[in-house]
$ cat work-v1.pdb   # PDB, C-alpha atoms
MODEL        1
ATOM      1  CA  MET A  15      58.962 -78.517  66.551
ATOM      2  CA  LEU A  16      60.492 -75.074  66.340
ATOM      3  CA  HIS A  17      63.698 -74.753  64.359
ATOM      4  CA  THR A  18      65.794 -71.636  64.931
ATOM      5  CA  VAL A  19      68.508 -70.725  62.415
ATOM      6  CA  ASN A  20      71.022 -68.022  63.338
ATOM      7  CA  LYS A  21      73.459 -68.169  60.392
ATOM      8  CA  SER A  22      73.309 -66.769  56.886
ATOM      9  CA  SER A  23      72.993 -69.434  54.191
ATOM     10  CA  PHE A  24      75.695 -67.546  52.271
ATOM     11  CA  GLU A  25      78.156 -68.343  55.034
ATOM     12  CA  ARG A  26      77.114 -71.657  56.599
ATOM     13  CA  ASN A  27      74.949 -74.628  55.653
ATOM     14  CA  SER A  28      72.827 -74.471  58.828
ATOM     15  CA  LEU A  29      69.665 -73.591  56.900
ATOM     16  CA  GLN A  30      70.186 -76.416  54.414
ATOM     17  CA  SER A  31      70.740 -78.915  57.223
ATOM     18  CA  CYS A  32      67.572 -77.685  58.894
ATOM     19  CA  LEU A  33      65.580 -77.990  55.666
ATOM     20  CA  ASN A  34      66.933 -81.497  55.098
ATOM     21  CA  THR A  35      65.366 -82.733  58.298
ATOM     22  CA  ILE A  36      62.333 -80.544  59.001
ATOM     23  CA  ASP A  37      58.978 -82.352  59.119
ATOM     24  CA  ASP A  38      55.637 -81.218  57.718
ATOM     25  CA  THR A  39      54.349 -79.527  60.844
ATOM     26  CA  SER A  40      57.444 -77.740  62.114
ATOM     27  CA  VAL A  41      58.253 -74.070  61.683
ATOM     28  CA  ILE A  42      61.465 -72.105  61.198
ATOM     29  CA  LEU A  43      62.364 -68.927  63.049
ATOM     30  CA  PHE A  44      65.289 -66.871  61.742
ATOM     31  CA  ILE A  45      67.239 -65.017  64.423
ATOM     32  CA  GLU A  46      70.531 -63.065  64.508
ATOM     33  CA  ASP A  47      72.349 -63.414  61.141
ATOM     34  CA  GLY A  48      69.775 -66.055  60.213
ATOM     35  CA  VAL A  49      67.420 -63.215  59.234
ATOM     36  CA  ILE A  50      69.557 -62.739  56.116
ATOM     37  CA  ASN A  51      67.768 -65.881  54.928
ATOM     38  CA  ALA A  52      64.486 -63.961  55.176
ATOM     39  CA  ALA A  53      65.603 -61.391  52.582
ATOM     40  CA  ASN A  54      64.676 -61.646  48.948
ATOM     41  CA  ASN A  55      67.947 -62.915  47.468
ATOM     42  CA  ALA A  56      69.587 -65.628  45.358
ATOM     43  CA  ASN A  57      68.890 -68.229  48.075
ATOM     44  CA  SER A  58      65.211 -67.338  48.599
ATOM     45  CA  SER A  59      63.995 -70.372  46.691
ATOM     46  CA  MET A  60      65.285 -72.536  49.550
ATOM     47  CA  ILE A  61      62.432 -71.416  51.789
ATOM     48  CA  ALA A  62      59.809 -70.188  49.305
ATOM     49  CA  ASP A  63      57.447 -73.183  49.634
ATOM     50  CA  LEU A  64      57.749 -73.328  53.404
ATOM     51  CA  ALA A  65      57.088 -69.599  53.648
ATOM     52  CA  ALA A  66      54.060 -69.889  51.366
ATOM     53  CA  SER A  67      52.608 -72.380  53.823
ATOM     54  CA  GLY A  68      53.051 -69.833  56.612
ATOM     55  CA  ARG A  69      55.789 -71.663  58.461
ATOM     56  CA  VAL A  70      58.697 -69.214  58.253
ATOM     57  CA  PHE A  71      59.193 -66.512  60.871
ATOM     58  CA  ALA A  72      61.891 -63.877  61.428
ATOM     59  CA  LEU A  73      62.734 -61.915  64.553
ATOM     60  CA  GLN A  74      61.848 -58.289  63.890
ATOM     61  CA  GLY A  75      64.654 -56.669  65.906
ATOM     62  CA  ASP A  76      67.297 -58.626  64.010
ATOM     63  CA  VAL A  77      65.665 -57.787  60.676
ATOM     64  CA  GLU A  78      65.642 -54.067  61.492
ATOM     65  CA  ALA A  79      69.218 -54.115  62.770
ATOM     66  CA  ARG A  80      70.430 -55.392  59.415
ATOM     67  CA  GLY A  81      68.434 -52.915  57.343
ATOM     68  CA  ILE A  82      66.574 -55.626  55.460
ATOM     69  CA  SER A  83      63.007 -54.704  56.425
ATOM     70  CA  PRO A  84      62.311 -53.374  52.897
ATOM     71  CA  LYS A  85      63.877 -56.495  51.383
ATOM     72  CA  LEU A  86      61.899 -59.290  52.981
ATOM     73  CA  ALA A  87      60.984 -62.284  50.838
ATOM     74  CA  ASP A  88      57.320 -63.139  50.332
ATOM     75  CA  ASN A  89      55.267 -64.665  53.139
ATOM     76  CA  ILE A  90      57.809 -64.172  55.925
ATOM     77  CA  LYS A  91      56.072 -63.551  59.244
ATOM     78  CA  LEU A  92      57.764 -61.090  61.602
ATOM     79  CA  VAL A  93      57.653 -61.720  65.345
ATOM     80  CA  ASP A  94      58.970 -59.793  68.337
ATOM     81  CA  TYR A  95      60.502 -61.417  71.417
ATOM     82  CA  ALA A  96      57.044 -62.105  72.879
ATOM     83  CA  GLY A  97      56.151 -63.794  69.584
ATOM     84  CA  PHE A  98      59.347 -65.862  69.873
ATOM     85  CA  VAL A  99      58.146 -67.080  73.282
ATOM     86  CA  ASP A 100      54.715 -67.899  71.832
ATOM     87  CA  LEU A 101      56.360 -70.031  69.127
ATOM     88  CA  VAL A 102      58.372 -71.912  71.735
ATOM     89  CA  VAL A 103      55.249 -72.581  73.777
ATOM     90  CA  GLU A 104      53.185 -73.587  70.773
ATOM     91  CA  HIS A 105      55.711 -75.869  69.087
ATOM     92  CA  GLY A 106      57.342 -77.574  72.038
ATOM     93  CA  THR A 107      60.761 -79.010  71.283
ATOM     94  CA  ALA A 108      63.134 -76.428  69.853
ATOM     95  CA  VAL A 109      66.104 -77.224  67.629
ATOM     96  CA  SER A 110      68.793 -74.573  67.435
ATOM     97  CA  TRP A 111      70.812 -74.768  64.201
ATOM     98  CA  VAL A 112      73.877 -72.776  65.220
TER      99      VAL A 112
ATOM    100  CA  MET B  16     107.371 -43.999  58.645
ATOM    101  CA  ALA B  17     107.000 -45.633  55.280
ATOM    102  CA  THR B  18     103.474 -45.775  53.967
ATOM    103  CA  LYS B  19     102.048 -49.115  52.985
ATOM    104  CA  LYS B  20      98.892 -49.983  51.151
ATOM    105  CA  PHE B  21      96.512 -51.760  53.524
ATOM    106  CA  MET B  22      93.302 -53.403  52.398
ATOM    107  CA  TYR B  23      90.697 -54.675  54.840
ATOM    108  CA  LEU B  24      88.388 -57.391  53.544
ATOM    109  CA  ASN B  25      85.022 -57.281  55.297
ATOM    110  CA  ARG B  26      83.227 -60.551  54.710
ATOM    111  CA  ARG B  27      80.668 -60.845  57.517
ATOM    112  CA  SER B  28      77.551 -58.969  58.525
ATOM    113  CA  SER B  29      77.584 -56.559  61.432
ATOM    114  CA  PHE B  30      76.050 -58.084  64.537
ATOM    115  CA  GLY B  31      76.204 -61.893  64.460
ATOM    116  CA  THR B  32      79.929 -62.000  65.134
ATOM    117  CA  VAL B  33      82.505 -59.516  66.402
ATOM    118  CA  TYR B  34      84.453 -59.413  63.114
ATOM    119  CA  ALA B  35      82.781 -56.350  61.603
ATOM    120  CA  ILE B  36      83.266 -53.968  64.509
ATOM    121  CA  GLU B  37      86.792 -55.272  65.159
ATOM    122  CA  SER B  38      87.687 -54.561  61.538
ATOM    123  CA  LEU B  39      86.376 -51.029  61.840
ATOM    124  CA  GLU B  40      88.469 -50.479  64.981
ATOM    125  CA  VAL B  41      91.628 -51.657  63.231
ATOM    126  CA  VAL B  42      90.848 -49.554  60.164
ATOM    127  CA  LEU B  43      90.663 -46.433  62.320
ATOM    128  CA  ILE B  44      93.958 -47.330  64.006
ATOM    129  CA  ALA B  45      95.682 -47.791  60.653
ATOM    130  CA  ALA B  46      94.321 -44.442  59.524
ATOM    131  CA  ALA B  47      95.776 -42.808  62.646
ATOM    132  CA  PHE B  48      99.197 -44.033  61.469
ATOM    133  CA  GLU B  49      98.551 -42.336  58.116
ATOM    134  CA  GLN B  50      98.678 -45.485  56.052
ATOM    135  CA  ASP B  51      97.036 -45.883  52.657
ATOM    136  CA  VAL B  52      93.850 -47.671  53.654
ATOM    137  CA  SER B  53      91.143 -49.165  51.507
ATOM    138  CA  LEU B  54      88.205 -51.357  52.413
ATOM    139  CA  ALA B  55      86.493 -54.104  50.501
ATOM    140  CA  PHE B  56      83.013 -55.382  51.297
ATOM    141  CA  MET B  57      82.213 -58.823  49.980
ATOM    142  CA  ASP B  58      80.023 -61.820  50.846
ATOM    143  CA  ASP B  59      77.738 -60.952  53.797
ATOM    144  CA  GLY B  60      80.091 -58.038  54.561
ATOM    145  CA  VAL B  61      78.056 -55.916  52.152
ATOM    146  CA  TYR B  62      75.342 -55.791  54.832
ATOM    147  CA  GLN B  63      77.688 -53.674  57.009
ATOM    148  CA  ILE B  64      77.016 -50.592  54.901
ATOM    149  CA  VAL B  65      73.356 -51.136  54.050
ATOM    150  CA  GLU B  66      71.274 -48.005  54.662
ATOM    151  CA  GLY B  67      68.630 -47.996  57.392
ATOM    152  CA  GLN B  68      70.069 -50.260  60.110
ATOM    153  CA  GLU B  69      68.063 -49.828  63.338
ATOM    154  CA  THR B  70      69.517 -51.633  66.344
ATOM    155  CA  ASP B  71      67.123 -50.520  69.109
ATOM    156  CA  GLY B  72      65.396 -53.894  68.957
ATOM    157  CA  ILE B  73      68.545 -55.915  69.679
ATOM    158  CA  GLY B  74      70.203 -53.636  72.219
ATOM    159  CA  MET B  75      73.516 -53.388  70.343
ATOM    160  CA  LYS B  76      75.519 -50.351  69.285
ATOM    161  CA  ASN B  77      74.627 -49.179  65.792
ATOM    162  CA  PHE B  78      78.199 -48.728  64.600
ATOM    163  CA  SER B  79      77.098 -48.397  60.975
ATOM    164  CA  LYS B  80      77.066 -44.652  61.641
ATOM    165  CA  THR B  81      80.829 -44.762  62.193
ATOM    166  CA  PHE B  82      81.351 -45.479  58.495
ATOM    167  CA  HIS B  83      80.270 -41.878  57.818
ATOM    168  CA  ALA B  84      83.356 -40.699  59.748
ATOM    169  CA  LEU B  85      85.857 -42.584  57.591
ATOM    170  CA  GLY B  86      86.052 -39.737  55.071
ATOM    171  CA  ASP B  87      87.421 -37.452  57.803
ATOM    172  CA  TYR B  88      90.255 -39.952  58.327
ATOM    173  CA  ASP B  89      91.163 -39.856  54.620
ATOM    174  CA  ILE B  90      89.659 -43.286  54.086
ATOM    175  CA  ASN B  91      87.764 -42.872  50.880
ATOM    176  CA  LYS B  92      88.337 -46.071  48.949
ATOM    177  CA  LEU B  93      85.468 -48.384  49.835
ATOM    178  CA  TYR B  94      85.011 -51.128  47.256
ATOM    179  CA  VAL B  95      81.868 -53.239  47.221
ATOM    180  CA  SER B  96      81.582 -56.511  45.352
ATOM    181  CA  LYS B  97      78.938 -56.246  42.655
ATOM    182  CA  GLU B  98      78.453 -60.002  42.620
ATOM    183  CA  SER B  99      77.937 -60.142  46.392
ATOM    184  CA  LEU B 100      75.352 -57.355  46.210
ATOM    185  CA  GLU B 101      73.417 -59.001  43.389
ATOM    186  CA  GLU B 102      73.418 -62.399  45.066
ATOM    187  CA  ARG B 103      71.707 -60.764  48.047
ATOM    188  CA  GLY B 104      69.123 -58.834  46.048
ATOM    189  CA  LEU B 105      70.892 -55.546  46.829
ATOM    190  CA  SER B 106      72.145 -52.684  44.671
ATOM    191  CA  GLU B 107      74.238 -49.559  45.194
ATOM    192  CA  SER B 108      71.090 -47.560  46.036
ATOM    193  CA  ASP B 109      70.563 -49.763  49.113
ATOM    194  CA  LEU B 110      73.933 -48.668  50.559
ATOM    195  CA  MET B 111      74.675 -45.721  52.838
ATOM    196  CA  PRO B 112      75.711 -42.623  50.848
ATOM    197  CA  LEU B 113      79.249 -42.427  52.245
ATOM    198  CA  VAL B 114      81.268 -39.422  51.088
ATOM    199  CA  TYR B 115      84.553 -37.601  51.631
ATOM    200  CA  GLU B 116      85.751 -34.058  50.943
ATOM    201  CA  ASP B 117      88.435 -33.947  48.252
ATOM    202  CA  GLU B 118      91.133 -31.497  49.384
ATOM    203  CA  ASP B 119      92.634 -31.479  45.880
ATOM    204  CA  ASP B 120      89.333 -30.356  44.385
ATOM    205  CA  ASP B 121      88.201 -27.421  46.586
ATOM    206  CA  TRP B 122      86.908 -29.852  49.242
ATOM    207  CA  GLU B 123      84.163 -31.044  46.986
ATOM    208  CA  GLU B 124      82.082 -33.841  48.468
ATOM    209  CA  LYS B 125      82.595 -37.068  46.553
ATOM    210  CA  PRO B 126      81.332 -40.632  46.997
ATOM    211  CA  SER B 127      83.643 -43.029  48.840
ATOM    212  CA  VAL B 128      81.796 -46.168  47.816
ATOM    213  CA  LYS B 129      82.575 -47.820  44.520
ATOM    214  CA  VAL B 130      80.840 -50.969  43.321
ATOM    215  CA  VAL B 131      83.341 -53.196  41.528
ATOM    216  CA  THR B 132      83.262 -56.605  39.907
ATOM    217  CA  ASN B 133      85.261 -59.421  41.434
ATOM    218  CA  ASP B 134      87.696 -59.101  38.520
ATOM    219  CA  GLU B 135      88.258 -55.426  39.326
ATOM    220  CA  LEU B 136      88.628 -56.276  43.005
ATOM    221  CA  LYS B 137      91.211 -58.885  42.090
ATOM    222  CA  ALA B 138      93.299 -56.196  40.392
ATOM    223  CA  ILE B 139      92.941 -53.776  43.321
ATOM    224  CA  MET B 140      93.961 -56.495  45.802
ATOM    225  CA  SER B 141      97.052 -57.333  43.798
ATOM    226  CA  GLU B 142      98.291 -53.745  44.290
ATOM    227  CA  GLN B 143      98.203 -53.998  48.094
ATOM    228  CA  ASP B 144     101.120 -54.509  50.473
ATOM    229  CA  VAL B 145      98.901 -55.978  53.168
ATOM    230  CA  CYS B 146      95.439 -57.589  52.997
ATOM    231  CA  LEU B 147      93.644 -58.324  56.252
ATOM    232  CA  SER B 148      90.499 -60.438  56.157
ATOM    233  CA  PHE B 149      87.711 -60.110  58.723
TER     234      PHE B 149
ENDMDL
END
$ encode --input "work-v1.pdb" --output "structure tokens"
Amino acid sequence: MLHTVNKSSFERNSLQSCLNTIDDTSVILFIEDGVINAANNANSSMIADLAASGRVFALQGDVEARGISPKLADNIKLVDYAGFVDLVVEHGTAVSWV
Amino acid sequence: MATKKFMYLNRRSSFGTVYAIESLEVVLIAAAFEQDVSLAFMDDGVYQIVEGQETDGIGMKNFSKTFHALGDYDINKLYVSKESLEERGLSESDLMPLVYEDEDDDWEEKPSVKVVTNDELKAIMSEQDVCLSF
């Protein structure tokens, strides 16, 4: 499955809810304000293990818009819109944590 | 018209919701009425004034540049929560270098942004006539 998260974990618990229910083969894609979760910050430990296993992605345009390109946490994979489509195709069912 | 002290609390990042740009619009309106305006950036609002925002990839207006104009409207009190910055792995050097020209000091260019602790912000807020949260 593909889980998209579009809220900052500093503002909503969408990311935590996603992490509570994600299985061992699914991936997370951060979009919109969700890319704040891809920055190296006080909440980074939430996704550190998942990122280390190569399962955390962030949408590049949203990262650049928020000026956090130089601040990305370790092992975050950036994708463009075409990469977003590839993830949807590859992982089938998508869950949107809004 | 009597002057009041207005403080605008900016608590959300720029593009995920409409709050940030709406706040900026209202700030500019208040300035046009020559009120005493100050801004506070806290929580994810600190991302509004992070340096290096590039919005080409999302097709939205990069209104972060508008913050550079605030000095020309005599809005030069921009307070940023130190705790909110630190929580997000940010520091003052990650913020846009916003300045104003001080007419009482031979128009010398001075920084508008001041990083303050939540305790200091508490004191500044208590001096306000009006606090509007976005």
$ residues_near_point --input "work-v1.pdb" --point "(100.1, -50.7, 51.5)" --cutoff "10 Å" --atoms "all atoms listed in the file" --output "count of residues only"
15
$ atom_distance --input "work-v1.pdb" --atom1 "atom CA of B:Ala84" --atom2 "atom CA of B:Ala138"
26.7 Å
$ residues_around --input "work-v1.pdb" --residues "stretch 124-137 of chain B" --least-positions-apart "6" --cutoff "12 Å" --atoms "only C-alpha atoms" --output "PDB file with C-alpha atoms, in the coordinates of the input"
ATOM      1  CA  MET B  22      93.302 -53.403  52.398  1.00  0.00           C
ATOM      2  CA  LEU B  24      88.388 -57.391  53.544  1.00  0.00           C
ATOM      3  CA  SER B  53      91.143 -49.165  51.507  1.00  0.00           C
ATOM      4  CA  LEU B  54      88.205 -51.357  52.413  1.00  0.00           C
ATOM      5  CA  ALA B  55      86.493 -54.104  50.501  1.00  0.00           C
ATOM      6  CA  PHE B  56      83.013 -55.382  51.297  1.00  0.00           C
ATOM      7  CA  MET B  57      82.213 -58.823  49.980  1.00  0.00           C
ATOM      8  CA  ASP B  58      80.023 -61.820  50.846  1.00  0.00           C
ATOM      9  CA  VAL B  61      78.056 -55.916  52.152  1.00  0.00           C
ATOM     10  CA  ILE B  64      77.016 -50.592  54.901  1.00  0.00           C
ATOM     11  CA  VAL B  65      73.356 -51.136  54.050  1.00  0.00           C
ATOM     12  CA  PHE B  82      81.351 -45.479  58.495  1.00  0.00           C
ATOM     13  CA  HIS B  83      80.270 -41.878  57.818  1.00  0.00           C
ATOM     14  CA  ALA B  84      83.356 -40.699  59.748  1.00  0.00           C
ATOM     15  CA  LEU B  85      85.857 -42.584  57.591  1.00  0.00           C
ATOM     16  CA  GLY B  86      86.052 -39.737  55.071  1.00  0.00           C
ATOM     17  CA  ASP B  87      87.421 -37.452  57.803  1.00  0.00           C
ATOM     18  CA  TYR B  88      90.255 -39.952  58.327  1.00  0.00           C
ATOM     19  CA  ASP B  89      91.163 -39.856  54.620  1.00  0.00           C
ATOM     20  CA  ILE B  90      89.659 -43.286  54.086  1.00  0.00           C
ATOM     21  CA  ASN B  91      87.764 -42.872  50.880  1.00  0.00           C
ATOM     22  CA  LYS B  92      88.337 -46.071  48.949  1.00  0.00           C
ATOM     23  CA  LEU B  93      85.468 -48.384  49.835  1.00  0.00           C
ATOM     24  CA  TYR B  94      85.011 -51.128  47.256  1.00  0.00           C
ATOM     25  CA  VAL B  95      81.868 -53.239  47.221  1.00  0.00           C
ATOM     26  CA  SER B  96      81.582 -56.511  45.352  1.00  0.00           C
ATOM     27  CA  LYS B  97      78.938 -56.246  42.655  1.00  0.00           C
ATOM     28  CA  GLU B  98      78.453 -60.002  42.620  1.00  0.00           C
ATOM     29  CA  SER B  99      77.937 -60.142  46.392  1.00  0.00           C
ATOM     30  CA  LEU B 100      75.352 -57.355  46.210  1.00  0.00           C
ATOM     31  CA  GLU B 101      73.417 -59.001  43.389  1.00  0.00           C
ATOM     32  CA  LEU B 105      70.892 -55.546  46.829  1.00  0.00           C
ATOM     33  CA  SER B 106      72.145 -52.684  44.671  1.00  0.00           C
ATOM     34  CA  GLU B 107      74.238 -49.559  45.194  1.00  0.00           C
ATOM     35  CA  SER B 108      71.090 -47.560  46.036  1.00  0.00           C
ATOM     36  CA  ASP B 109      70.563 -49.763  49.113  1.00  0.00           C
ATOM     37  CA  LEU B 110      73.933 -48.668  50.559  1.00  0.00           C
ATOM     38  CA  MET B 111      74.675 -45.721  52.838  1.00  0.00           C
ATOM     39  CA  PRO B 112      75.711 -42.623  50.848  1.00  0.00           C
ATOM     40  CA  LEU B 113      79.249 -42.427  52.245  1.00  0.00           C
ATOM     41  CA  VAL B 114      81.268 -39.422  51.088  1.00  0.00           C
ATOM     42  CA  TYR B 115      84.553 -37.601  51.631  1.00  0.00           C
ATOM     43  CA  GLU B 116      85.751 -34.058  50.943  1.00  0.00           C
ATOM     44  CA  ASP B 117      88.435 -33.947  48.252  1.00  0.00           C
ATOM     45  CA  GLU B 118      91.133 -31.497  49.384  1.00  0.00           C
ATOM     46  CA  GLN B 143      98.203 -53.998  48.094  1.00  0.00           C
ATOM     47  CA  CYS B 146      95.439 -57.589  52.997  1.00  0.00           C
TER      48      CYS B 146
END
$ closest_atom_pairs --input "work-v1.pdb" --of "chain B" --to "chain A" --cutoff "10 Å" --atoms "all atoms listed in the file" --output "CSV"
residue,atom,partner,partner_atom,distance
B:Arg26,CA,A:Glu25,CA,9.3
B:Arg27,CA,A:Glu25,CA,8.3
B:Ser28,CA,A:Asp47,CA,7.3
B:Ser29,CA,A:Arg80,CA,7.5
B:Phe30,CA,A:Asp47,CA,7.3
B:Gly31,CA,A:Asp47,CA,5.3
B:Thr32,CA,A:Asp47,CA,8.7
B:Asp58,CA,A:Phe24,CA,7.3
B:Asp59,CA,A:Phe24,CA,7.1
B:Tyr62,CA,A:Arg80,CA,6.7
B:Gln63,CA,A:Arg80,CA,7.8
B:Ile64,CA,A:Gly81,CA,9.2
B:Val65,CA,A:Gly81,CA,6.2
B:Glu66,CA,A:Gly81,CA,6.3
B:Gly67,CA,A:Gly81,CA,4.9
B:Gln68,CA,A:Gly81,CA,4.2
B:Glu69,CA,A:Ala79,CA,4.5
B:Thr70,CA,A:Ala79,CA,4.4
B:Asp71,CA,A:Gly75,CA,7.4
B:Gly72,CA,A:Gly75,CA,4.2
B:Ile73,CA,A:Gly75,CA,5.5
B:Gly74,CA,A:Gly75,CA,8.9
B:Met75,CA,A:Ala79,CA,8.7
B:Lys76,CA,A:Ala79,CA,9.8
B:Asn77,CA,A:Ala79,CA,7.9
B:Ser79,CA,A:Arg80,CA,9.8
B:Ser99,CA,A:Phe24,CA,9.7
B:Leu100,CA,A:Asn55,CA,9.3
B:Glu101,CA,A:Asn55,CA,7.9
B:Glu102,CA,A:Ala56,CA,5.0
B:Arg103,CA,A:Asn55,CA,4.4
B:Gly104,CA,A:Asn55,CA,4.5
B:Leu105,CA,A:Asn55,CA,8.0
B:Asp109,CA,A:Gly81,CA,9.1
B:Leu110,CA,A:Gly81,CA,9.7
$ resolve_selection --input "work-v1.pdb" --expression "the PyMOL selection byres ((chain A and resi 105) around 10)" --output "list in words"
Met15, Leu16, His17, Thr39, Ser40, Val41, Asp100, Leu101, Val102, Val103, Glu104, Gly106, Thr107 and Ala108 of chain A
$ residues_around --input "work-v1.pdb" --residues "A:Trp111" --least-positions-apart "4" --cutoff "8 Å" --atoms "only C-alpha atoms" --output "PyMOL selection string"
chain A and resi 17-20+28-29+32
$ atom_distance --input "work-v1.pdb" --atom1 "atom CA of A:Lys91" --atom2 "atom CA of A:Arg26"
22.7 Å
$ atom_distance --input "work-v1.pdb" --atom1 "atom CA of A:Phe44" --atom2 "atom CA of A:Asp88"
14.4 Å
$ build_atoms --input "work-v1.pdb" --residues "stretch 89-103 of chain A" --atoms "N, CA and C atoms" --output "compact mmCIF listing (two decimals), in the frame of the given file"
# COMPACT_ATOMS: atom_id res chain seq x y z
N ASN A 89 55.89 -63.77 52.17
CA ASN A 89 55.27 -64.67 53.14
C ASN A 89 56.07 -64.91 54.41
N ILE A 90 57.07 -64.06 54.66
CA ILE A 90 57.81 -64.17 55.92
C ILE A 90 56.99 -63.48 57.02
N LYS A 91 56.81 -64.15 58.14
CA LYS A 91 56.07 -63.55 59.24
C LYS A 91 57.05 -62.99 60.27
N LEU A 92 56.89 -61.71 60.61
CA LEU A 92 57.76 -61.09 61.60
C LEU A 92 57.19 -61.30 63.00
N VAL A 93 58.07 -61.62 63.95
CA VAL A 93 57.65 -61.72 65.34
C VAL A 93 58.60 -60.92 66.22
N ASP A 94 58.10 -60.42 67.35
CA ASP A 94 58.97 -59.79 68.34
C ASP A 94 59.36 -60.86 69.37
N TYR A 95 60.04 -60.43 70.44
CA TYR A 95 60.50 -61.42 71.42
C TYR A 95 59.33 -62.17 72.07
N ALA A 96 58.22 -61.44 72.30
CA ALA A 96 57.04 -62.10 72.88
C ALA A 96 56.52 -63.16 71.90
N GLY A 97 56.58 -62.84 70.60
CA GLY A 97 56.15 -63.79 69.58
C GLY A 97 57.07 -65.01 69.53
N PHE A 98 58.35 -64.78 69.78
CA PHE A 98 59.35 -65.86 69.87
C PHE A 98 58.92 -66.83 71.00
N VAL A 99 58.58 -66.25 72.15
CA VAL A 99 58.15 -67.08 73.28
C VAL A 99 56.89 -67.87 72.92
N ASP A 100 55.95 -67.20 72.25
CA ASP A 100 54.72 -67.90 71.83
C ASP A 100 55.04 -69.10 70.93
N LEU A 101 55.99 -68.93 70.02
CA LEU A 101 56.36 -70.03 69.13
C LEU A 101 56.95 -71.20 69.91
N VAL A 102 57.78 -70.87 70.90
CA VAL A 102 58.37 -71.91 71.74
C VAL A 102 57.28 -72.69 72.47
N VAL A 103 56.33 -71.94 73.03
CA VAL A 103 55.25 -72.58 73.78
C VAL A 103 54.39 -73.45 72.84
